[in-house]
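Participant: Take a look at this one; I'll ask things after.
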Amino acid sequence: MSVVVSFKKNHKDAKCETGKRVMKIPNTMELKKAETLIIYVIQQEAFKKELKFLEKEETFTKQSPLQKLNPVKDSKDLLRVGGRISSAEMSNEEKHLLIIPRTCHIATLLVRFFHKEVAHQGRHITEGAIRAAGYWIIGAKRLVSSVIHKCVICRKLRGHLQNQKMADLPTDRLTPEPPFTNVGLDVFGPWTISTRHTRRGSANSKWWAVLFTCMSTRALHIELVESMSTDSFIKALRRFFAIRGPDKLLRSDRGTNFVGACRELNISSKHAAVESYLQSKGCTWIFNLPHSSHMGGSWERLIGVARCVLDAMLLQSGHNHLTHEVLSTLMAEVMAIMNARPLVPVSNDPEMPTILTPAMLLTQKTSTVSAPSGEFKMGVLQGKQWKHVQCLADTFWKRWKQE
Ligand SMILES: [Zn+2]
């Protein structure tokens, strides 16, 4: 260590012309000398027993990490890997690599240095660089892996995104209760509807839709409401309760959309009329905490899908002027499509061809066929098409008779 200390002192104490102390850059010879000394010290510390064995020319114990390396001492008393290539035409340093114990800090520093040298490549390339530089770190694989695992740059480059751990689901999502006992509520829209024809054209009004989602079956119910009236909202609630039965809990969040819709519709859970109506039905309306729209994920997601289905329907039907009748029909069909969506992944097992849907839970029927949208004409099969069907039927009957 004395060499390193004196070397350090020499270089620190060197003064420039102005008399200020400056660090002198060490030359290659001095660096090599320091390296040799450092490795000598760590080897003496780590391999005390092995060095004694080597002096006595005894074999190492089986537990010794040097047992397989067949170490030899070089001219500077450094331990090097022996191996069986002594007679190869290579330099001594290439043939016999310097042994570095894994537990010392120098090993970590070496790995960090070569990992940086190879531009933060993986374990394989880093290990190769260390070996090529003439070091044999005992247990290098594990050390390189641990250094790379902790490397900030590597994490930035190749790390997996961290996911937020989801909190437990609320109890009303998990308790097995009849459909539409615990309900999530949201409002979406509006749509402009031509209500009546006047001399100047048609009078329009804005309509909204209230979306009720069952927390346990994930079934969906939509009711239309005309804007600007609490009365209209209560009527929607009455229709919902009448069709789907009594409900214990209504939940909604304070998302800007919902709050805006509520303001425009003039509805609130604190509104006396709404409150007394819900009380009479034995139902409570809970608002999620502000700025926690993630808590209403179950119905927010359904609104997105419902909107998507409705947009596609409106585009297909090509209605320029929506009427209440058209909108309510489309909403019923949206409901049918949404309630026929699979709740669990569709199985590839041929013995399980049915899929579980909210409609199945509501109606106990395996197949739910939604009404065809648009006009349905009888006797569409004419001419060629009719002949083709007859031909198919004939071949089917012939085959059936043969079997
Ligand atoms: Zn890295």
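Naming scheme: A, B, ... for chains in displayed order of the structure tokens; residues 1 onward per chain; ligands 1 onward as shown.
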DSSP on the backbone: what in region 55-301 of chain A comes out strand (DSSP E), as JSON, numbers by chain?

Facilitator: {"A": [72, 73, 79, 80, 98, 99, 100, 135, 136, 137, 182, 183, 184, 185, 186, 187, 188, 189, 190, 191, 192, 193, 194, 195, 196, 197, 198, 201, 202, 203, 204, 205, 206, 207, 208, 209, 210, 211, 212, 213, 214, 220, 221, 222, 223, 224, 225, 226, 249, 250, 251, 252, 284, 285, 286, 287]}

Participant: Which parts of region 135-357 of chain A does DSSP call alpha helix (DSSP H) when run on the backbone here, written out as a ChimeraX atom specification?

Facilitator: /A:140-150,152-158,171-174,230-244,256-265,272-280,297-317,324-339

Participant: So the first atom is CA of Glu57 (chain A) and the second is CA of Ser75 (chain A); what is the distance between them in Å, to one decimal place?

Facilitator: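 Between CA of Glu57 (chain A) and CA of Ser75 (chain A) the gap works out to 17.1 Å.
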
Participant: List as JSON lines every residue of chain A that is in contact with ligand 1, defined as an atom at most 9 Å from one of its atoms (using only C-alpha atoms and all ligand atoms), together with the nearest atom pair and the distance in Å rounded to one decimal, sorted by chain and then rising number.

Facilitator:
{"residue": "A:Arg112", "atom": "CA", "partner": "ligand 1", "partner_atom_place_in_ligand_line": "1 (Zn)", "distance": 8.1}
{"residue": "A:His115", "atom": "CA", "partner": "ligand 1", "partner_atom_place_in_ligand_line": "1 (Zn)", "distance": 6.3}
{"residue": "A:Lys116", "atom": "CA", "partner": "ligand 1", "partner_atom_place_in_ligand_line": "1 (Zn)", "distance": 6.5}
{"residue": "A:Ala119", "atom": "CA", "partner": "ligand 1", "partner_atom_place_in_ligand_line": "1 (Zn)", "distance": 7.4}
{"residue": "A:His120", "atom": "CA", "partner": "ligand 1", "partner_atom_place_in_ligand_line": "1 (Zn)", "distance": 4.0}
{"residue": "A:Gln121", "atom": "CA", "partner": "ligand 1", "partner_atom_place_in_ligand_line": "1 (Zn)", "distance": 6.8}
{"residue": "A:Gly122", "atom": "CA", "partner": "ligand 1", "partner_atom_place_in_ligand_line": "1 (Zn)", "distance": 7.9}
{"residue": "A:Val147", "atom": "CA", "partner": "ligand 1", "partner_atom_place_in_ligand_line": "1 (Zn)", "distance": 7.9}
{"residue": "A:Ile148", "atom": "CA", "partner": "ligand 1", "partner_atom_place_in_ligand_line": "1 (Zn)", "distance": 5.4}
{"residue": "A:His149", "atom": "CA", "partner": "ligand 1", "partner_atom_place_in_ligand_line": "1 (Zn)", "distance": 8.0}
{"residue": "A:Lys150", "atom": "CA", "partner": "ligand 1", "partner_atom_place_in_ligand_line": "1 (Zn)", "distance": 8.0}
{"residue": "A:Cys151", "atom": "CA", "partner": "ligand 1", "partner_atom_place_in_ligand_line": "1 (Zn)", "distance": 4.6}
{"residue": "A:Val152", "atom": "CA", "partner": "ligand 1", "partner_atom_place_in_ligand_line": "1 (Zn)", "distance": 6.5}
{"residue": "A:Ile153", "atom": "CA", "partner": "ligand 1", "partner_atom_place_in_ligand_line": "1 (Zn)", "distance": 5.0}
{"residue": "A:Cys154", "atom": "CA", "partner": "ligand 1", "partner_atom_place_in_ligand_line": "1 (Zn)", "distance": 4.0}
{"residue": "A:Arg155", "atom": "CA", "partner": "ligand 1", "partner_atom_place_in_ligand_line": "1 (Zn)", "distance": 7.4}
{"residue": "A:Lys156", "atom": "CA", "partner": "ligand 1", "partner_atom_place_in_ligand_line": "1 (Zn)", "distance": 8.9}
{"residue": "A:Leu157", "atom": "CA", "partner": "ligand 1", "partner_atom_place_in_ligand_line": "1 (Zn)", "distance": 8.5}

Participant: Hey, which of A:Trp208, A:Arg263, A:Tyr277, A:Arg218 ends up closest to Leu237 (chain A)? Count only C-alpha atoms.

Facilitator: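 Distance minimum relative to Leu237 (chain A) lands on A:Tyr277.
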
Participant: Quote the spacing between CA of Phe241 (chain A) and CA of Glu300 (chain A) in Å to one decimal place.

Facilitator: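 For CA of Phe241 (chain A) relative to CA of Glu300 (chain A), the distance reads 21.5 Å.
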
Participant: Residues at most 12 Å from Ser229 (chain A), counting only C-alpha atoms, excluding those fewer than 2 positions away in the same chain, as a PyMOL selection string?

Facilitator: chain A and resi 206-208+225-227+231-236+261-268+271+273-274

Participant: May I have the residues from that selection written out with N, CA and C atoms, as a tab-separated table (two decimals), in the first residue's frame?

Facilitator:
chain	number	residue	atom	x	y	z
A	206	LYS	N	-82.30	18.39	-26.37
A	206	LYS	CA	-81.14	17.54	-26.05
A	206	LYS	C	-81.57	16.41	-25.12
A	207	TRP	N	-81.14	15.23	-25.45
A	207	TRP	CA	-81.44	14.07	-24.61
A	207	TRP	C	-80.16	13.44	-24.11
A	208	TRP	N	-80.23	12.92	-22.92
A	208	TRP	CA	-79.08	12.25	-22.31
A	208	TRP	C	-79.45	10.80	-22.04
A	225	VAL	N	-83.01	10.27	-20.74
A	225	VAL	CA	-83.62	11.37	-19.97
A	225	VAL	C	-83.56	12.66	-20.78
A	226	GLU	N	-84.59	13.44	-20.62
A	226	GLU	CA	-84.61	14.74	-21.28
A	226	GLU	C	-83.91	15.71	-20.36
A	227	SER	N	-83.19	16.64	-20.94
A	227	SER	CA	-82.33	17.50	-20.12
A	227	SER	C	-83.13	18.45	-19.24
A	231	ASP	N	-87.05	15.91	-12.37
A	231	ASP	CA	-88.22	15.07	-12.53
A	231	ASP	C	-87.97	13.98	-13.55
A	232	SER	N	-87.35	14.38	-14.65
A	232	SER	CA	-87.06	13.44	-15.73
A	232	SER	C	-86.06	12.37	-15.27
A	233	PHE	N	-85.09	12.79	-14.42
A	233	PHE	CA	-84.12	11.83	-13.89
A	233	PHE	C	-84.79	10.83	-12.96
A	234	ILE	N	-85.70	11.35	-12.11
A	234	ILE	CA	-86.42	10.46	-11.20
A	234	ILE	C	-87.25	9.46	-12.00
A	235	LYS	N	-87.83	9.93	-13.10
A	235	LYS	CA	-88.63	9.03	-13.94
A	235	LYS	C	-87.75	7.92	-14.51
A	236	ALA	N	-86.54	8.30	-14.90
A	236	ALA	CA	-85.60	7.28	-15.42
A	236	ALA	C	-85.30	6.26	-14.34
A	261	ALA	N	-72.66	16.89	-16.49
A	261	ALA	CA	-73.96	16.36	-16.93
A	261	ALA	C	-75.01	16.57	-15.84
A	262	CYS	N	-74.59	16.31	-14.58
A	262	CYS	CA	-75.51	16.47	-13.46
A	262	CYS	C	-75.96	17.92	-13.33
A	263	ARG	N	-75.00	18.83	-13.54
A	263	ARG	CA	-75.32	20.26	-13.42
A	263	ARG	C	-76.33	20.64	-14.50
A	264	GLU	N	-76.05	20.14	-15.72
A	264	GLU	CA	-76.94	20.49	-16.82
A	264	GLU	C	-78.32	19.85	-16.64
A	265	LEU	N	-78.30	18.63	-16.11
A	265	LEU	CA	-79.58	17.94	-15.89
A	265	LEU	C	-80.26	18.38	-14.60
A	266	ASN	N	-79.51	19.20	-13.81
A	266	ASN	CA	-80.03	19.68	-12.53
A	266	ASN	C	-80.36	18.51	-11.60
A	267	ILE	N	-79.48	17.52	-11.56
A	267	ILE	CA	-79.70	16.40	-10.65
A	267	ILE	C	-78.56	16.31	-9.65
A	268	SER	N	-78.86	15.84	-8.50
A	268	SER	CA	-77.84	15.62	-7.47
A	268	SER	C	-78.40	14.67	-6.43
A	271	HIS	N	-80.35	16.42	-3.84
A	271	HIS	CA	-81.60	17.08	-4.22
A	271	HIS	C	-82.74	16.43	-3.44
A	273	ALA	N	-85.91	15.98	-3.79
A	273	ALA	CA	-86.84	15.06	-4.47
A	273	ALA	C	-86.17	13.71	-4.74
A	274	VAL	N	-84.91	13.78	-5.22
A	274	VAL	CA	-84.16	12.54	-5.52
A	274	VAL	C	-83.92	11.76	-4.23

Participant: Quick one: residues within 12 Å of Phe47 (chain A), only C-alpha atoms, excluding same-chain residues fewer than 5 positions away - as a ChimeraX atom specification?

Facilitator: /A:39-42,52-54,60,64-67,71,78-79,99-104,138

Participant: Tell me, as a JSON list (two decimals) with N, CA and C atoms, in the first residue's frame, which residues lie within 8 Å of Trp299 (chain A), counting only C-alpha atoms; anything in the same chain fewer than 3 positions away does not count.

Facilitator:
[["chain", "number", "residue", "atom", "x", "y", "z"],
["A", 184, "GLY", "N", -73.53, 0.86, -10.55],
["A", 184, "GLY", "CA", -72.74, 2.04, -10.88],
["A", 184, "GLY", "C", -73.55, 2.89, -11.82],
["A", 185, "LEU", "N", -73.47, 4.20, -11.64],
["A", 185, "LEU", "CA", -74.34, 5.07, -12.42],
["A", 185, "LEU", "C", -73.53, 6.16, -13.12],
["A", 186, "ASP", "N", -73.83, 6.41, -14.33],
["A", 186, "ASP", "CA", -73.17, 7.50, -15.04],
["A", 186, "ASP", "C", -74.11, 8.04, -16.10],
["A", 213, "THR", "N", -74.90, 0.15, -14.38],
["A", 213, "THR", "CA", -74.15, -1.10, -14.57],
["A", 213, "THR", "C", -74.19, -1.90, -13.28],
["A", 296, "GLY", "N", -64.15, 4.50, -10.51],
["A", 296, "GLY", "CA", -65.35, 4.18, -11.29],
["A", 296, "GLY", "C", -65.00, 3.51, -12.60],
["A", 302, "LEU", "N", -67.47, 0.81, -19.59],
["A", 302, "LEU", "CA", -68.69, 0.42, -20.31],
["A", 302, "LEU", "C", -69.25, 1.59, -21.10],
["A", 303, "ILE", "N", -69.11, 2.79, -20.56],
["A", 303, "ILE", "CA", -69.61, 3.96, -21.29],
["A", 303, "ILE", "C", -68.84, 4.12, -22.60]]

Participant: Please measure the separation of CA of Asp77 (chain A) and CA of Lys62 (chain A), giving the value in Å to one decimal.

Facilitator: 23.4 Å

Participant: For Leu330 (chain A), which residue among A:Arg307, A:Lys73, A:Arg158, A:Arg196 is the nearest when counting only C-alpha atoms?

Facilitator: A:Arg307

Participant: Which one is closest to Phe114 (chain A): A:Tyr135, A:Phe188, A:Phe212, A:Phe240? Count only C-alpha atoms.

Facilitator: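 That would be A:Tyr135, the residue with the smallest distance to Phe114 (chain A).
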
Participant: What's around Lys141 (chain A) at 9 Å? Count only C-alpha atoms, leave out sequence neighbours fewer than 3 positions away in its own chain, and write the answer as a VMD selection string.

Facilitator: chain A and resid 123 to 124 127 137 to 138 144 to 146

Participant: Measuring atom to atom with only C-alpha atoms, identify which of A:Ser276, A:Gln162, A:Ser86, A:Gln364 is nearest to Asn70 (chain A).

Facilitator: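 Nearest to Asn70 (chain A): A:Ser86.
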
Participant: Find, counting only C-alpha atoms, the residue in A:Ala306, A:Arg238, A:Ser194, A:Met352 that gets nearest to His321 (chain A).

Facilitator: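 For His321 (chain A), the nearest of the candidates is A:Ser194.
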